[in-house]
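The block underneath contains the structure these notes are about, expressed in structure tokens.
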Amino acid sequence: MRILVVEDERKIAEFLRKGLKAEGYAVDVAGDGEAGHFMAGTQDYDLMILDLRLPKMDGITLCRTLRAEKFAAPILMLTVRDSVKDKVQGLDSGADDYLTKPFDFEELLARVRALLRKCGATEATRLQVDDLVVDLLGHTASRASAAIPLTAKEFSLLEYLMRNAGVVVSRAMIAEHVWDIHFDSFSNVIDVSVNHLRSKVDKDFPKKLIHTVRGRGYVLKA
Amino acid sequence: MNVKSIRFRMTCWYLLALAVTFILAGLIVFRLTSRALRSDLDDLLELRAEGIAASIDTFWTVESQAALRAGHPLSSTGKAENADFRRLAQRWVEEGLRDPVLVDIVVQLFGPEGELIAASQALPGATLLPFEALAPFLAPEARFLNIVVPSTSGERTRFRSLTLPVAEEGRLAYAIRVLGPQATVEAPLRTLRLILFLVLPCALVLSGAFGAWLAGRTLRPVDRMVDSARNISAENLHVRLAIPDTRDELSRLADTFNGMLERIEQGFSFHRRFWEDVAHELKTPLAIMKGEIEVALKTGGATPEDRQVLESNLEEVERLIRLIEKMLTLARLDRRGAPLEMSEVDLAALAGRASEEFRTLAEDKKIRLVVTGGTAPIRVRGDEARLRGLLYVLLDNAVKFTPAGGKVGVDIGPDGPEVRLAVSDTGPGIAPDELPGIFDRFRRAGRPAEGDGFGLGLSIAKAVAESHGGRIEVLSRVGAGSTFTVILPLFRR
């Protein structure tokens with residue numbers, strides 16, 4: 001998988017390149033809009049990470065130009081502006097997703113995965129990690145074939161952890177995806193909810209699946 | 001009416017000036033009328049006295065000539081000391097006074113020694129001329145006198161008298177005294193006085209009312225300006241006073257005020273833009289720090305000590321980011337026409353859901369969370385995400401500051417055209433002197449510093465409530481707990 005990062009802020013481009021590379025992606029960096037346009041035309045990319053504010057040609061214009069030229073790869077837009085108007089403008093220009101700076105790197109990775117998956121495989125209806133199974137159609141969860149009674153919120157939380165199995169998800173990501181809210185004191189609520197979920201999923205089993213990663217968040221893995 | 005208001009004071013001064021003017025005018029009118037009436041009476045008396053003197057002279061001449069023709073002339077043609085004249089005078093009084101012009105006037109005739117010869121009417125106590133010889137026939141100003149005569153009923157009747165000496169060959173022949181009742185002067189004066197006393201207060205009352213109305217009318221633009229100025233706050237600084245189309249002092253005042261508002265608004269908007277720009281400028285370096293730390297932690301290679309430092313740094317960076325986010329939220333809510341995503345929101349359901357989300361947290365702390373009211377939908381117009389944030393701030397604070405075993409209550413219900421949503425706790429409460437400051441930015445009113453709140457939560461809650469046309473009220477008793485009540489206008493189609 002080859003990703004083009006168009007970002008004029010050298011240090012951001014650098015950690016993106018480093019972090020994405022560590023995840024196994026091939027990464028190219030363009031420092032301004034025109035360079036990005038040129039590189040997008042010469043190489044075949046699977047995804048583009050595009051900063052909104054760029055010298056020479058801004059992100060919106062670049063995005064429109066590329067889409068007009070039938071550039072097919074998904075585009076993830078980055079910006080410090082986070083108003084609804086900015087988001088709508090970004091998505092209208094042809095971007096597939098939108099992330100505001102500063103962002104969780106894990107969140108960026110999750111979005112990258114989701115965007116790459118979108119153009120590939122079909123949506124799964126059943127998620128499994130070890131002996132823990134979540135049926136997305138029936139809204140049921142079971143471990144070692146024994147059903148786990150869950151509230152609606154707990155189910156959403158478990159589904160989110162399962163979808164990102166093996167990846168650390170931060171409290172901010174959980175808050176945004178499960179509760180759809182940006183609110184920092186809310187992390188207490190998330191901690192308590194995860195603890196409740198954990199007692200239902202892991203309590204009776206020697207093998208623990210939900211782990212706390214100090215200072216970062218939670219991860220569900222075998 | 002406010003005693004200190006310009007309107008009241010203006011009316012008072014106006015009334016005082018009017019009262020002084022009215023009283024002076026009344027006094028002058030009274031004095032002039034009185035003088036005119038008295039002088040009229042004096043003129044009348046003089047006219048009558050001269051008429052009588054002429055009449056008596058004529059009578060005497062006719063009589064004496066008649067007697068001469070009859071062949072037995074009068075003993076003397078001199079009037080003084082003449083018994084014939086006295087007889088004649090008495091006859092004249094009996095006959096001549098039938099003349100209607102002399103009704104109401106008492107006529108007395110005196111001899112040269114001051115003895116009463118004849119009188120049209122008996123006036124006990126006024127039968128003597130109170131002067132000697134009347135010589136040299138009275139100075140004109142001394143002819144007039146005021147005389148008081150006791151009447152039969154014991155009342156005292158006041159007369160104005162004129163004594164007219166009639167000379168004969170350089171000697172006083174006789175004197176005519178005419179007396180007119182002073183009542184002819186006093187009665188109209190009494191009436192005039194009565195009129196003035198009645199009219200003055202009435203006029204004052206009427207003028208006072210008129211003055212108050214006039215002052216009110218003059219000051220009405222001021223009242224209107226006060227009303228509009230009162231409605232101008234940091235949230236709607238764009239509002240301007242209506243400038244009265246008069247080009248007078250008031251329109252100048254409104255104009256000046258508007259100019260001041262303009263400058264304040266510029267200051268405010270600069271202040272807001274400044275914070276928004278600062279927040280945005282800070283975001284890029286923070287994004288770099290956060291990203292670099294996260295990638296460094298992820299890709300490994302650091303010693304455990306380095307990792308600890310990086311993790312701690314990451315926590316602080318994230319705290320800074322949250323602070324910036326809150327500042328941005330506030331800056332946006334402060335800005336006129338904040339980009340709220342308005343829709344019809346069921347506040348009862350929203351409060352119910354938010355409470356449920358805090359239930360696990362509350363139960364973990366052994367706190368009872370009780371929701372009352374809100375069984376039926378309560379619709380408001382608002383930005384659901386922001387309203388939820390507001391509820392989270394209040395619920396989070398309530399749970400945070402309530403000790404184990406305590407209770408957090410959520411009560412929602414319509415109240416007239418509004419909805420009241422109260423979140424109460426059994427926490428330590430807030431001291432009265434700290435209450436006014438709890439919504440101020442970056443202040444945490446004496447509450448135990450727990451978690452990493454920056455004291456912006458309540459400021460945001462307040463800003464959210466106000467951007468929805470509502471408000472937040474707080475009631476707190478130290479030791480008993482606090483109640484935060486959000487009041488929002490109900491949705492009307």
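In the structure tokens, each chain is lettered A, B, ... as it comes, each chain's residues begin at 1, and ligands are numbered from 1 in order of appearance.
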
Output the contact residues of chain B with respect to chain A at a cut-off of 8 Å, based on only C-alpha atoms, as number ranges by chain. B: 280, 283-284, 286-288, 290-292, 294-295, 298-299, 311-312, 314-315, 321-322, 339, 357-358, 360-361, 364, 385, 389, 392-393, 396, 451-453

Output C-alpha atoms for every residue in that selection, as a tab-separated table (two decimals), in the first residue's frame.
```
chain	number	residue	atom	x	y	z
B	280	HIS	CA	-5.37	27.81	15.93
B	283	LYS	CA	-2.70	23.64	17.28
B	284	THR	CA	0.03	23.00	14.72
B	286	LEU	CA	0.78	20.72	19.52
B	287	ALA	CA	-0.12	18.39	16.64
B	288	ILE	CA	3.58	17.99	15.93
B	290	LYS	CA	1.60	14.82	19.98
B	291	GLY	CA	2.30	13.04	16.69
B	292	GLU	CA	6.03	12.79	17.29
B	294	GLU	CA	2.96	8.92	19.72
B	295	VAL	CA	5.06	7.69	16.82
B	298	LYS	CA	4.80	3.24	18.91
B	299	THR	CA	7.93	2.53	16.95
B	311	GLU	CA	4.17	9.25	28.18
B	312	SER	CA	4.10	12.01	30.77
B	314	LEU	CA	1.99	13.14	25.96
B	315	GLU	CA	-0.45	13.50	28.85
B	321	ILE	CA	-4.96	20.37	23.51
B	322	ARG	CA	-8.12	19.98	25.55
B	339	PRO	CA	-22.19	28.15	14.09
B	357	GLU	CA	-24.44	7.43	30.78
B	358	PHE	CA	-23.35	8.77	34.15
B	360	THR	CA	-22.38	3.57	36.01
B	361	LEU	CA	-19.93	6.25	37.14
B	364	ASP	CA	-19.20	3.15	41.16
B	385	ALA	CA	-24.19	18.11	20.68
B	389	GLY	CA	-22.01	18.83	26.42
B	392	TYR	CA	-22.24	16.41	30.77
B	393	VAL	CA	-20.53	19.37	32.45
B	396	ASP	CA	-19.80	15.42	35.74
B	451	GLY	CA	-9.28	15.68	37.69
B	452	ASP	CA	-8.00	18.13	35.16
B	453	GLY	CA	-10.86	20.52	34.76
```

Selection: 8 Å around Leu157 (chain A), only C-alpha atoms, excl. self and same-chain fewer than 5 positions, as a ChimeraX atom specification: /A:174,178,194

I need the residues from that last selection saved to file as a CSV table (one decimal), in the first residue's frame (with N, CA and C atoms), if you can.
```csv
chain,number,residue,atom,x,y,z
A,174,ILE,N,-12.7,6.6,21.6
A,174,ILE,CA,-13.9,5.9,22.1
A,174,ILE,C,-15.1,6.9,22.3
A,178,VAL,N,-18.1,6.0,20.0
A,178,VAL,CA,-19.1,5.2,20.7
A,178,VAL,C,-20.2,6.2,21.3
A,194,VAL,N,-15.8,0.7,30.3
A,194,VAL,CA,-14.9,-0.3,29.9
A,194,VAL,C,-14.7,-1.4,31.0
```

Could you pull out the strand (DSSP E or B) residues of region 5-217 of chain A, going by DSSP on the backbone, and write them as an MDAnalysis selection string? chainID A and resid 5:6 26:30 47:51 75:79 97:100 126:129 132:135 140:143 146:148 169 210:213 217

For those residues, write C-alpha atoms to a file as a CSV table (one decimal), in the first residue's frame.
```csv
chain,number,residue,atom,x,y,z
A,5,VAL,CA,1.3,12.7,2.2
A,6,VAL,CA,0.9,16.3,1.0
A,26,ALA,CA,5.1,2.9,1.7
A,27,VAL,CA,5.0,6.7,2.1
A,28,ASP,CA,5.9,9.6,-0.2
A,29,VAL,CA,5.9,13.2,1.0
A,30,ALA,CA,5.1,16.3,-1.1
A,47,LEU,CA,-4.4,6.8,-0.4
A,48,MET,CA,-3.6,10.4,-0.1
A,49,ILE,CA,-3.3,12.4,3.2
A,50,LEU,CA,-3.8,16.0,2.3
A,51,ASP,CA,-3.3,19.1,4.4
A,75,ILE,CA,-8.3,11.3,0.2
A,76,LEU,CA,-8.0,12.0,4.0
A,77,MET,CA,-8.0,15.6,4.6
A,78,LEU,CA,-6.1,17.2,7.5
A,79,THR,CA,-6.7,20.7,9.0
A,97,ASP,CA,-12.7,11.7,5.3
A,98,TYR,CA,-11.6,14.6,7.5
A,99,LEU,CA,-9.4,14.8,10.5
A,100,THR,CA,-8.5,17.8,12.6
A,126,ARG,CA,-19.3,-11.2,12.3
A,127,LEU,CA,-16.2,-10.2,14.2
A,128,GLN,CA,-14.1,-12.7,16.1
A,129,VAL,CA,-11.1,-12.4,18.4
A,132,LEU,CA,-15.0,-13.9,21.6
A,133,VAL,CA,-17.6,-13.5,18.8
A,134,VAL,CA,-19.7,-10.5,18.0
A,135,ASP,CA,-22.7,-10.9,15.7
A,140,THR,CA,-25.3,-10.5,20.3
A,141,ALA,CA,-21.9,-11.3,21.8
A,142,SER,CA,-20.7,-14.6,23.1
A,143,ARG,CA,-17.5,-16.1,24.5
A,146,ALA,CA,-21.8,-18.7,26.1
A,147,ALA,CA,-23.9,-15.6,25.4
A,148,ILE,CA,-22.8,-12.4,27.1
A,169,VAL,CA,-7.8,3.1,20.9
A,210,ILE,CA,-9.3,-6.3,27.0
A,211,HIS,CA,-6.1,-4.5,28.1
A,212,THR,CA,-5.4,-1.1,29.5
A,213,VAL,CA,-2.5,0.7,27.8
A,217,GLY,CA,-6.1,3.9,26.1
```

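Excluding Phe401 (chain B) itself and same-chain residues fewer than 3 positions from it, the residues having an atom within 7 Å of it are Asn397, Ala398 and Gly427 of chain B, counting only C-alpha atoms.
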
Write the selection just made, keeping N, CA and C atoms, as a compact mmCIF listing (two decimals), in the first residue's frame?
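And here is the file that came out, result-v5.txt:
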```txt
# COMPACT_ATOMS: atom_id res chain seq x y z
N ASN B 397 -19.72 17.46 37.09
CA ASN B 397 -19.45 18.22 38.31
C ASN B 397 -20.20 17.63 39.49
N ALA B 398 -21.50 17.34 39.29
CA ALA B 398 -22.32 16.84 40.38
C ALA B 398 -21.77 15.53 40.91
N GLY B 427 -23.19 17.63 47.50
CA GLY B 427 -21.77 17.89 47.71
C GLY B 427 -21.54 18.94 48.78
```

Report, in Å to a single decimal, how far apart CA of Leu241 (chain B) and CA of Arg492 (chain B) are. 28.8 Å

Kindly give the distance, in Å, that separates CA of Asp58 (chain A) and CA of Ser93 (chain A), rounded to a single decimal.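 One can read the CA of Asp58 (chain A) to CA of Ser93 (chain A) distance as 11.6 Å.
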